[in-house]
Every structure is written in structure tokens, then in C-alpha cells.
$ cat work-v6.pdb   # PDB, C-alpha atoms, pLDDT in the B column
ATOM      1  CA  MET A   1      -7.919 -54.548  34.872  1.00 59.00           C
ATOM      2  CA  PRO A   2      -6.333 -54.249  31.425  1.00 67.00           C
ATOM      3  CA  ASN A   3      -3.667 -56.705  30.497  1.00 84.00           C
ATOM      4  CA  ALA A   4      -0.006 -55.674  30.385  1.00 86.00           C
ATOM      5  CA  LYS A   5       0.089 -55.284  26.598  1.00 84.00           C
ATOM      6  CA  VAL A   6      -2.891 -52.905  26.465  1.00 84.00           C
ATOM      7  CA  LEU A   7      -1.563 -50.948  29.446  1.00 85.00           C
ATOM      8  CA  SER A   8       1.870 -50.533  27.852  1.00 86.00           C
ATOM      9  CA  GLU A   9       0.260 -49.372  24.580  1.00 88.00           C
ATOM     10  CA  LYS A  10      -1.796 -46.778  26.427  1.00 85.00           C
ATOM     11  CA  GLN A  11       1.276 -45.616  28.365  1.00 87.00           C
ATOM     12  CA  ALA A  12       3.127 -45.195  25.072  1.00 88.00           C
ATOM     13  CA  ILE A  13       0.247 -43.120  23.664  1.00 86.00           C
ATOM     14  CA  VAL A  14       0.217 -40.925  26.776  1.00 86.00           C
ATOM     15  CA  ALA A  15       4.007 -40.486  26.583  1.00 88.00           C
ATOM     16  CA  ASP A  16       3.741 -39.494  22.903  1.00 89.00           C
ATOM     17  CA  LEU A  17       0.909 -37.047  23.618  1.00 87.00           C
ATOM     18  CA  THR A  18       2.858 -35.564  26.524  1.00 86.00           C
ATOM     19  CA  HIS A  19       5.900 -35.050  24.280  1.00 88.00           C
ATOM     20  CA  LYS A  20       3.761 -33.401  21.570  1.00 87.00           C
ATOM     21  CA  LEU A  21       2.038 -31.107  24.056  1.00 86.00           C
ATOM     22  CA  GLN A  22       5.319 -30.038  25.644  1.00 86.00           C
ATOM     23  CA  ASN A  23       6.917 -29.221  22.276  1.00 86.00           C
ATOM     24  CA  ALA A  24       3.887 -27.548  20.695  1.00 85.00           C
ATOM     25  CA  ALA A  25       3.823 -23.796  20.229  1.00 85.00           C
ATOM     26  CA  ALA A  26       0.038 -23.852  20.583  1.00 86.00           C
ATOM     27  CA  GLY A  27      -2.928 -26.163  20.446  1.00 88.00           C
ATOM     28  CA  VAL A  28      -6.696 -26.204  20.382  1.00 91.00           C
ATOM     29  CA  LEU A  29      -9.204 -28.671  21.827  1.00 89.00           C
ATOM     30  CA  VAL A  30     -12.209 -29.166  19.576  1.00 89.00           C
ATOM     31  CA  ASP A  31     -15.656 -30.717  19.938  1.00 88.00           C
ATOM     32  CA  TYR A  32     -16.130 -32.362  16.552  1.00 84.00           C
ATOM     33  CA  LYS A  33     -19.446 -34.188  16.987  1.00 84.00           C
ATOM     34  CA  GLY A  34     -21.752 -34.171  14.007  1.00 79.00           C
ATOM     35  CA  ILE A  35     -19.328 -33.399  11.188  1.00 86.00           C
ATOM     36  CA  THR A  36     -19.445 -35.531   8.067  1.00 86.00           C
ATOM     37  CA  VAL A  37     -16.586 -37.519   6.618  1.00 88.00           C
ATOM     38  CA  ALA A  38     -16.281 -35.054   3.728  1.00 88.00           C
ATOM     39  CA  GLU A  39     -16.072 -32.112   6.151  1.00 87.00           C
ATOM     40  CA  ASP A  40     -13.506 -33.932   8.271  1.00 87.00           C
ATOM     41  CA  THR A  41     -11.421 -34.708   5.173  1.00 90.00           C
ATOM     42  CA  ALA A  42     -11.541 -31.052   4.081  1.00 89.00           C
ATOM     43  CA  LEU A  43     -10.538 -29.921   7.576  1.00 88.00           C
ATOM     44  CA  ARG A  44      -7.604 -32.316   7.735  1.00 90.00           C
ATOM     45  CA  ALA A  45      -6.380 -31.182   4.304  1.00 92.00           C
ATOM     46  CA  GLU A  46      -6.490 -27.530   5.365  1.00 90.00           C
ATOM     47  CA  LEU A  47      -4.703 -28.318   8.637  1.00 89.00           C
ATOM     48  CA  ARG A  48      -1.953 -30.192   6.767  1.00 91.00           C
ATOM     49  CA  LYS A  49      -1.423 -27.153   4.503  1.00 91.00           C
ATOM     50  CA  ASN A  50      -0.821 -25.077   7.625  1.00 88.00           C
ATOM     51  CA  ASN A  51       1.498 -27.639   9.260  1.00 89.00           C
ATOM     52  CA  VAL A  52      -0.985 -28.454  12.030  1.00 90.00           C
ATOM     53  CA  GLU A  53      -1.278 -31.945  13.518  1.00 90.00           C
ATOM     54  CA  TYR A  54      -4.858 -33.052  14.137  1.00 90.00           C
ATOM     55  CA  ALA A  55      -6.074 -36.182  15.863  1.00 89.00           C
ATOM     56  CA  VAL A  56      -9.121 -37.496  17.651  1.00 89.00           C
ATOM     57  CA  VAL A  57      -7.951 -38.470  21.116  1.00 87.00           C
ATOM     58  CA  LYS A  58      -9.527 -40.404  23.962  1.00 89.00           C
ATOM     59  CA  ASN A  59     -10.305 -38.024  26.794  1.00 87.00           C
ATOM     60  CA  THR A  60      -8.756 -40.203  29.514  1.00 88.00           C
ATOM     61  CA  LEU A  61      -5.451 -40.547  27.654  1.00 87.00           C
ATOM     62  CA  LEU A  62      -5.366 -36.837  26.850  1.00 87.00           C
ATOM     63  CA  GLN A  63      -6.167 -36.041  30.472  1.00 87.00           C
ATOM     64  CA  PHE A  64      -3.096 -37.988  31.639  1.00 88.00           C
ATOM     65  CA  ALA A  65      -0.928 -36.178  29.054  1.00 88.00           C
ATOM     66  CA  VAL A  66      -2.331 -32.758  29.971  1.00 87.00           C
ATOM     67  CA  ASN A  67      -1.706 -33.425  33.669  1.00 86.00           C
ATOM     68  CA  ASN A  68       1.850 -34.567  32.884  1.00 86.00           C
ATOM     69  CA  CYS A  69       2.415 -31.169  31.240  1.00 84.00           C
ATOM     70  CA  GLY A  70       0.980 -29.236  34.180  1.00 86.00           C
ATOM     71  CA  MET A  71      -2.083 -27.932  32.327  1.00 86.00           C
ATOM     72  CA  ASN A  72      -4.661 -29.293  34.762  1.00 84.00           C
ATOM     73  CA  GLU A  73      -7.049 -26.410  33.938  1.00 85.00           C
ATOM     74  CA  LEU A  74      -7.886 -28.200  30.664  1.00 84.00           C
ATOM     75  CA  ASP A  75      -9.346 -31.218  32.505  1.00 82.00           C
ATOM     76  CA  ASP A  76     -12.817 -29.648  32.553  1.00 83.00           C
ATOM     77  CA  LEU A  77     -12.809 -29.451  28.744  1.00 83.00           C
ATOM     78  CA  LEU A  78     -12.098 -33.148  28.261  1.00 84.00           C
ATOM     79  CA  ASN A  79     -15.606 -34.490  27.867  1.00 85.00           C
ATOM     80  CA  GLY A  80     -17.596 -35.572  24.839  1.00 84.00           C
ATOM     81  CA  ALA A  81     -16.009 -35.948  21.419  1.00 84.00           C
ATOM     82  CA  THR A  82     -12.562 -34.329  21.623  1.00 87.00           C
ATOM     83  CA  ALA A  83      -9.982 -33.690  18.938  1.00 89.00           C
ATOM     84  CA  LEU A  84      -6.620 -32.025  19.357  1.00 89.00           C
ATOM     85  CA  ALA A  85      -5.000 -29.663  16.843  1.00 91.00           C
ATOM     86  CA  ILE A  86      -1.400 -28.629  17.580  1.00 90.00           C
ATOM     87  CA  CYS A  87       1.331 -26.810  15.718  1.00 89.00           C
ATOM     88  CA  HIS A  88       5.030 -26.655  16.533  1.00 87.00           C
ATOM     89  CA  ASP A  89       6.038 -23.547  14.580  1.00 85.00           C
ATOM     90  CA  ASP A  90       3.046 -21.200  14.160  1.00 82.00           C
ATOM     91  CA  PRO A  91       1.119 -20.570  17.387  1.00 85.00           C
ATOM     92  CA  VAL A  92      -1.787 -18.932  15.544  1.00 87.00           C
ATOM     93  CA  ALA A  93      -2.386 -21.624  12.903  1.00 87.00           C
ATOM     94  CA  PRO A  94      -4.415 -24.185  14.913  1.00 88.00           C
ATOM     95  CA  ALA A  95      -6.853 -21.623  16.288  1.00 88.00           C
ATOM     96  CA  ARG A  96      -7.203 -19.763  12.975  1.00 89.00           C
ATOM     97  CA  VAL A  97      -7.794 -22.824  10.781  1.00 88.00           C
ATOM     98  CA  VAL A  98     -10.162 -24.527  13.222  1.00 88.00           C
ATOM     99  CA  ASN A  99     -12.113 -21.303  13.810  1.00 87.00           C
ATOM    100  CA  ASP A 100     -12.466 -20.656  10.063  1.00 87.00           C
ATOM    101  CA  PHE A 101     -13.723 -24.204   9.605  1.00 87.00           C
ATOM    102  CA  ALA A 102     -16.137 -23.887  12.533  1.00 84.00           C
ATOM    103  CA  LYS A 103     -17.662 -20.805  10.890  1.00 85.00           C
ATOM    104  CA  LYS A 104     -18.236 -22.773   7.666  1.00 84.00           C
ATOM    105  CA  ILE A 105     -20.176 -25.581   9.362  1.00 81.00           C
ATOM    106  CA  ASP A 106     -21.953 -23.673  12.074  1.00 74.00           C
ATOM    107  CA  GLY A 107     -23.151 -25.730  15.013  1.00 71.00           C
ATOM    108  CA  HIS A 108     -21.413 -29.065  14.498  1.00 74.00           C
ATOM    109  CA  PHE A 109     -17.875 -28.069  15.266  1.00 79.00           C
ATOM    110  CA  GLU A 110     -16.686 -25.797  18.046  1.00 83.00           C
ATOM    111  CA  ILE A 111     -13.539 -24.891  19.911  1.00 86.00           C
ATOM    112  CA  LYS A 112     -13.522 -25.913  23.573  1.00 87.00           C
ATOM    113  CA  GLY A 113     -10.293 -24.170  24.601  1.00 87.00           C
ATOM    114  CA  GLY A 114      -6.595 -24.184  23.962  1.00 88.00           C
ATOM    115  CA  PHE A 115      -3.082 -23.619  25.175  1.00 88.00           C
ATOM    116  CA  MET A 116       0.030 -21.730  24.146  1.00 87.00           C
ATOM    117  CA  ASP A 117       3.596 -22.371  25.302  1.00 84.00           C
ATOM    118  CA  GLY A 118       2.426 -24.831  27.946  1.00 81.00           C
ATOM    119  CA  LYS A 119      -0.149 -22.481  29.484  1.00 87.00           C
ATOM    120  CA  PRO A 120      -3.919 -23.000  29.166  1.00 86.00           C
ATOM    121  CA  MET A 121      -5.907 -20.233  27.502  1.00 87.00           C
ATOM    122  CA  PRO A 122      -9.591 -19.448  28.001  1.00 84.00           C
ATOM    123  CA  LEU A 123     -11.915 -19.617  25.012  1.00 85.00           C
ATOM    124  CA  ASP A 124     -12.048 -15.839  24.505  1.00 84.00           C
ATOM    125  CA  GLU A 125      -8.245 -15.662  24.194  1.00 85.00           C
ATOM    126  CA  VAL A 126      -8.257 -18.566  21.728  1.00 84.00           C
ATOM    127  CA  MET A 127     -10.873 -16.742  19.639  1.00 86.00           C
ATOM    128  CA  ALA A 128      -8.806 -13.535  19.741  1.00 83.00           C
ATOM    129  CA  LEU A 129      -5.789 -15.527  18.588  1.00 81.00           C
ATOM    130  CA  ALA A 130      -7.855 -17.005  15.764  1.00 82.00           C
ATOM    131  CA  ALA A 131      -8.586 -13.503  14.464  1.00 81.00           C
ATOM    132  CA  ILE A 132      -4.901 -12.846  13.733  1.00 79.00           C
ATOM    133  CA  PRO A 133      -4.136 -13.145  10.004  1.00 78.00           C
ATOM    134  CA  PRO A 134      -1.666 -15.743   8.678  1.00 76.00           C
ATOM    135  CA  LEU A 135       2.065 -15.061   9.018  1.00 75.00           C
ATOM    136  CA  PRO A 136       2.703 -14.194   5.320  1.00 78.00           C
ATOM    137  CA  ILE A 137      -0.054 -11.570   5.451  1.00 81.00           C
ATOM    138  CA  LEU A 138       1.365 -10.090   8.656  1.00 78.00           C
ATOM    139  CA  GLN A 139       4.831  -9.936   7.082  1.00 80.00           C
ATOM    140  CA  ALA A 140       3.411  -8.193   4.000  1.00 85.00           C
ATOM    141  CA  GLN A 141       1.607  -5.676   6.206  1.00 81.00           C
ATOM    142  CA  VAL A 142       4.804  -4.881   8.122  1.00 83.00           C
ATOM    143  CA  LEU A 143       6.808  -4.484   4.916  1.00 83.00           C
ATOM    144  CA  GLY A 144       4.087  -2.282   3.444  1.00 81.00           C
ATOM    145  CA  THR A 145       4.174  -0.114   6.540  1.00 82.00           C
ATOM    146  CA  MET A 146       7.953   0.188   6.309  1.00 83.00           C
ATOM    147  CA  LEU A 147       7.901   1.024   2.587  1.00 79.00           C
ATOM    148  CA  ALA A 148       5.060   3.565   2.751  1.00 79.00           C
ATOM    149  CA  PRO A 149       7.184   6.506   3.978  1.00 82.00           C
ATOM    150  CA  ILE A 150       9.881   5.804   1.404  1.00 82.00           C
ATOM    151  CA  SER A 151       7.334   5.576  -1.424  1.00 81.00           C
ATOM    152  CA  GLY A 152       5.675   8.773  -0.231  1.00 81.00           C
ATOM    153  CA  LEU A 153       9.011  10.590  -0.178  1.00 80.00           C
ATOM    154  CA  ALA A 154       9.822   9.405  -3.691  1.00 82.00           C
ATOM    155  CA  CYS A 155       6.452  10.662  -4.994  1.00 85.00           C
ATOM    156  CA  VAL A 156       6.900  14.056  -3.316  1.00 83.00           C
ATOM    157  CA  LEU A 157      10.431  14.468  -4.713  1.00 83.00           C
ATOM    158  CA  LYS A 158       9.189  13.544  -8.184  1.00 86.00           C
ATOM    159  CA  GLN A 159       6.386  16.111  -7.990  1.00 86.00           C
ATOM    160  CA  ILE A 160       8.795  18.819  -6.791  1.00 85.00           C
ATOM    161  CA  ALA A 161      11.141  18.077  -9.670  1.00 83.00           C
ATOM    162  CA  GLU A 162       8.279  18.200 -12.203  1.00 84.00           C
ATOM    163  CA  LYS A 163       6.984  21.465 -10.730  1.00 83.00           C
ATOM    164  CA  GLN A 164      10.385  23.100 -11.164  1.00 79.00           C
ATOM    165  CA  GLY A 165      10.437  22.215 -14.845  1.00 72.00           C
ATOM    166  CA  ALA A 166      12.824  19.297 -14.813  1.00 59.00           C
ATOM    167  CA  PRO A 167      11.666  16.142 -16.552  1.00 59.00           C
ATOM    168  CA  ALA A 168      10.558  13.407 -14.194  1.00 53.00           C
ATOM    169  CA  GLU A 169      13.087  10.982 -15.544  1.00 58.00           C
ATOM    170  CA  ALA A 170      15.919  12.160 -17.758  1.00 53.00           C
ATOM    171  CA  PRO A 171      16.510   9.746 -20.591  1.00 53.00           C
ATOM    172  CA  ALA A 172      19.837   8.006 -20.390  1.00 53.00           C
ATOM    173  CA  GLU A 173      22.344   9.296 -22.925  1.00 56.00           C
ATOM    174  CA  GLU A 174      23.348   6.716 -25.378  1.00 56.00           C
ATOM    175  CA  ALA A 175      26.976   5.771 -25.221  1.00 55.00           C
ATOM    176  CA  PRO A 176      28.898   6.472 -28.426  1.00 58.00           C
ATOM    177  CA  ALA A 177      28.997   3.434 -30.590  1.00 58.00           C
ATOM    178  CA  ALA A 178      32.368   1.786 -30.597  1.00 55.00           C
ATOM    179  CA  GLU A 179      33.687   1.255 -34.087  1.00 49.00           C
TER
END

$ encode --input "work-v6.pdb" --output "C-alpha cells"
Amino acid sequence: MPNAKVLSEKQAIVADLTHKLQNAAAGVLVDYKGITVAEDTALRAELRKNNVEYAVVKNTLLQFAVNNCGMNELDDLLNGATALAICHDDPVAPARVVNDFAKKIDGHFEIKGGFMDGKPMPLDEVMALAAIPPLPILQAQVLGTMLAPISGLACVLKQIAEKQGAPAEAPAEEAPAAE
């Protein structure tokens, strides 16, 4: 039986994990066995750039936190070497960054499963989520789609004007010089 100090420390860790899981937009459970220190350092740097929290967590403590959040379906994934990557603002970031890293070091690092908005997700849904491009790229694609018809219209109007003999852009008349 653990002493009171150790038990209270573990309860504090579980409470902190529970709070993080409840407030996270999304998260991914990862099996990280076999990666080197250099690979782990590179992964952590990339996760920090994307505002993703990453930590190696004891399975028993994470199991208590997951059960406190009502995501009991994740219990089966909590075996072996487990790390947790969560993000509070971008639900795609943890899956995308971890999946990209897993592709770089094939075999030593794999996604076990994940969750989004407090609901567990199977591995195939996590992988589909990982395929979504980063938010700035999605925003650029939407803006490009919105601007395409306007740009097309401008090109057509310019060609019509040139075909009818008018110059494409009339030079601005110079204002008379004030003396």
C-alpha cells in the first residue's frame, strides 16, 4: 500500500490529466517504444510548434483519468509504452504531427488511437483526421476558391475590352501642374 504522500501525488497527477483531457479539442495515444533521444527531441520540437502538449504517461494513471472523462473505450489501448499528445485549439494538429513523424521513422512509433471532444475515435478515423492539411493551408484553399470566380471574371472582362479595341488599361491623365 503506497504511503499517503505518494498516493496524494498520484491523485494530483490523475486530476491534472483529467482536466487536460476534458479541455482538449483532440488527442492521440501513441506507442513510442524504440525511438531514439534525437528522434524524441525532434518530435517534441515539432509538437511545440503546433501548440500540442506531449507527455509520456503511466498507463494506470492515464486509465483513471480516461475513466473520469467517460472514455472507457480507450482502456484497451493503455498497454505498453504510452505517450499522450493533446491540443486545446486545433483538433487536427496532434494526429497530423504524430502521423507525419510516424511515417519518418517507420516501425518504431505508431498511433494507438485517439479522441476528439471527449469521444473516443477508432484508429481509422484518427488516420483520416491526420490526412487533413494544416489550418493555414485550409484557409488559403478556401480563399483561393472564393477568389477564383472573381479573378476569372476580371480576365474575361479584360479580354472583351481588348477585343473591342479599347486599351487594357487606360493611362491615367496627368493632372495639370500647379504653378

$ resolve_selection --input "work-v6.pdb" --expression "the PyMOL selection byres ((chain A and resi 127) around 10)" --output "VMD selection string"
chain A and resid 95 to 96 99 111 113 to 114 121 to 126 128 to 132

$ residues_around --input "work-v6.pdb" --residues "range 39-51 of chain A" --least-positions-apart "3" --cutoff "9 Å" --atoms "only C-alpha atoms" --output "ChimeraX atom specification"
/A:32,35-36,54,85-90,93-94,97-98,101,105

$ atom_distance --input "work-v6.pdb" --atom1 "CA of Val56 in chain A" --atom2 "CA of Asn68 in chain A"
19.0 Å

$ closest_residue --input "work-v6.pdb" --among "A:Gly165, A:Gly80, A:Pro91, A:Gly152" --to "Lys112 in chain A" --atoms "all atoms listed in the file"
A:Gly80

$ closest_residue --input "work-v6.pdb" --among "A:Ile160, A:Val92, A:Gln11, A:Asp16" --to "Phe115 in chain A" --atoms "all atoms listed in the file"
A:Val92

$ residues_around --input "work-v6.pdb" --residues "Cys69 in chain A" --least-positions-apart "4" --cutoff "9 Å" --atoms "all atoms listed in the file" --output "PDB file with C-alpha atoms, in the frame of the given file"
ATOM      1  CA  THR A  18       2.858 -35.564  26.524  1.00 86.00           C
ATOM      2  CA  HIS A  19       5.900 -35.050  24.280  1.00 88.00           C
ATOM      3  CA  LEU A  21       2.038 -31.107  24.056  1.00 86.00           C
ATOM      4  CA  GLN A  22       5.319 -30.038  25.644  1.00 86.00           C
ATOM      5  CA  PHE A  64      -3.096 -37.988  31.639  1.00 88.00           C
ATOM      6  CA  ALA A  65      -0.928 -36.178  29.054  1.00 88.00           C
ATOM      7  CA  GLY A 118       2.426 -24.831  27.946  1.00 81.00           C
TER       8      GLY A 118
END

$ atom_distance --input "work-v6.pdb" --atom1 "CA of Lys33 in chain A" --atom2 "CA of Phe109 in chain A"
6.5 Å

$ closest_residue --input "work-v6.pdb" --among "A:Leu61, A:Val37, A:Leu17, A:Leu29" --to "Leu74 in chain A" --atoms "all atoms listed in the file"
A:Leu29

$ residues_around --input "work-v6.pdb" --residues "Lys58 in chain A" --least-positions-apart "4" --cutoff "9 Å" --atoms "only C-alpha atoms" --output "mmCIF file with C-alpha atoms, keeping the file's coordinate frame"
data_model
loop_
_atom_site.group_PDB
_atom_site.id
_atom_site.type_symbol
_atom_site.label_atom_id
_atom_site.label_comp_id
_atom_site.auth_asym_id
_atom_site.auth_seq_id
_atom_site.Cartn_x
_atom_site.Cartn_y
_atom_site.Cartn_z
ATOM 1 C CA LEU A 62 -5.366 -36.837 26.850
ATOM 2 C CA GLN A 63 -6.167 -36.041 30.472
ATOM 3 C CA LEU A 78 -12.098 -33.148 28.261
ATOM 4 C CA ALA A 81 -16.009 -35.948 21.419
ATOM 5 C CA THR A 82 -12.562 -34.329 21.623
ATOM 6 C CA ALA A 83 -9.982 -33.690 18.938
#

$ atom_distance --input "work-v6.pdb" --atom1 "CA of Ile13 in chain A" --atom2 "CA of Thr60 in chain A"
11.1 Å

$ resolve_selection --input "work-v6.pdb" --expression "the PyMOL selection byres ((chain A and resi 117) around 7)" --output "VMD selection string"
chain A and resid 24 to 26 115 to 116 118 to 119

$ axis_aligned_box --input "work-v6.pdb" --around "range 80-89 of chain A" --padding-each-side "5 Å" --output "AutoDock Vina command-line options"
--center_x -5.8 --center_y -29.7 --center_z 19.7 --size_x 33.6 --size_y 22.4 --size_z 20.3

$ closest_residue --input "work-v6.pdb" --among "A:Leu84, A:Val30, A:Leu77, A:Val66" --to "Val14 in chain A" --atoms "all atoms listed in the file"
A:Val66

$ closest_residue --input "work-v6.pdb" --among "A:Ala12, A:Asn23, A:Gly34, A:Leu157" --to "Gly107 in chain A" --atoms "all atoms listed in the file"
A:Gly34

$ decode --input "work-v6.pdb" --residues "range 124-146 of chain A" --atoms "N, CA, C and O atoms" --output "short mmCIF file (atom, residue, chain, number, x, y, z; two decimals), in the first residue's frame"
data_model
loop_
_atom_site.label_atom_id
_atom_site.label_comp_id
_atom_site.auth_asym_id
_atom_site.auth_seq_id
_atom_site.Cartn_x
_atom_site.Cartn_y
_atom_site.Cartn_z
N ASP A 124 -8.83 4.21 -37.60
CA ASP A 124 -9.05 4.65 -38.98
C ASP A 124 -9.54 6.09 -39.04
O ASP A 124 -9.17 6.85 -39.94
N GLU A 125 -10.36 6.51 -38.08
CA GLU A 125 -10.81 7.91 -38.04
C GLU A 125 -9.67 8.85 -37.66
O GLU A 125 -9.58 9.96 -38.18
N VAL A 126 -8.79 8.40 -36.77
CA VAL A 126 -7.63 9.21 -36.39
C VAL A 126 -6.73 9.40 -37.61
O VAL A 126 -6.23 10.50 -37.87
N MET A 127 -6.53 8.33 -38.39
CA MET A 127 -5.69 8.43 -39.58
C MET A 127 -6.34 9.33 -40.64
O MET A 127 -5.63 10.07 -41.34
N ALA A 128 -7.65 9.29 -40.76
CA ALA A 128 -8.34 10.19 -41.69
C ALA A 128 -8.18 11.63 -41.24
O ALA A 128 -7.99 12.54 -42.07
N LEU A 129 -8.25 11.86 -39.96
CA LEU A 129 -8.06 13.20 -39.41
C LEU A 129 -6.64 13.69 -39.64
O LEU A 129 -6.41 14.86 -39.94
N ALA A 130 -5.69 12.78 -39.59
CA ALA A 130 -4.28 13.13 -39.80
C ALA A 130 -4.01 13.55 -41.23
O ALA A 130 -3.04 14.27 -41.50
N ALA A 131 -4.86 13.14 -42.16
CA ALA A 131 -4.66 13.48 -43.57
C ALA A 131 -5.11 14.90 -43.91
O ALA A 131 -4.81 15.40 -44.98
N ILE A 132 -5.82 15.55 -42.99
CA ILE A 132 -6.29 16.91 -43.24
C ILE A 132 -5.11 17.86 -43.15
O ILE A 132 -4.32 17.80 -42.21
N PRO A 133 -4.97 18.77 -44.12
CA PRO A 133 -3.84 19.72 -44.08
C PRO A 133 -3.95 20.70 -42.91
O PRO A 133 -5.03 20.88 -42.34
N PRO A 134 -2.85 21.38 -42.59
CA PRO A 134 -2.87 22.37 -41.50
C PRO A 134 -3.87 23.49 -41.77
O PRO A 134 -4.21 23.78 -42.93
N LEU A 135 -4.30 24.15 -40.71
CA LEU A 135 -5.31 25.20 -40.79
C LEU A 135 -4.93 26.33 -41.75
O LEU A 135 -5.77 26.75 -42.55
N PRO A 136 -3.70 26.87 -41.74
CA PRO A 136 -3.38 27.94 -42.69
C PRO A 136 -3.53 27.51 -44.15
O PRO A 136 -3.97 28.29 -44.99
N ILE A 137 -3.21 26.26 -44.45
CA ILE A 137 -3.36 25.77 -45.82
C ILE A 137 -4.83 25.66 -46.18
O ILE A 137 -5.25 26.03 -47.28
N LEU A 138 -5.65 25.17 -45.25
CA LEU A 138 -7.09 25.09 -45.50
C LEU A 138 -7.68 26.48 -45.73
O LEU A 138 -8.52 26.67 -46.61
N GLN A 139 -7.27 27.46 -44.92
CA GLN A 139 -7.76 28.82 -45.10
C GLN A 139 -7.36 29.37 -46.46
O GLN A 139 -8.16 30.02 -47.14
N ALA A 140 -6.12 29.11 -46.89
CA ALA A 140 -5.66 29.58 -48.20
C ALA A 140 -6.46 28.91 -49.32
O ALA A 140 -6.80 29.57 -50.31
N GLN A 141 -6.77 27.64 -49.16
CA GLN A 141 -7.56 26.94 -50.18
C GLN A 141 -8.97 27.53 -50.28
O GLN A 141 -9.49 27.70 -51.38
N VAL A 142 -9.58 27.84 -49.15
CA VAL A 142 -10.92 28.43 -49.16
C VAL A 142 -10.89 29.81 -49.80
O VAL A 142 -11.74 30.14 -50.64
N LEU A 143 -9.91 30.62 -49.44
CA LEU A 143 -9.80 31.95 -50.04
C LEU A 143 -9.54 31.86 -51.53
O LEU A 143 -10.09 32.64 -52.32
N GLY A 144 -8.70 30.93 -51.94
CA GLY A 144 -8.44 30.74 -53.36
C GLY A 144 -9.70 30.34 -54.12
O GLY A 144 -9.94 30.80 -55.23
N THR A 145 -10.50 29.50 -53.50
CA THR A 145 -11.76 29.08 -54.11
C THR A 145 -12.72 30.26 -54.23
O THR A 145 -13.44 30.39 -55.22
N MET A 146 -12.73 31.11 -53.22
CA MET A 146 -13.62 32.28 -53.26
C MET A 146 -13.15 33.32 -54.27
O MET A 146 -13.96 33.99 -54.90
#
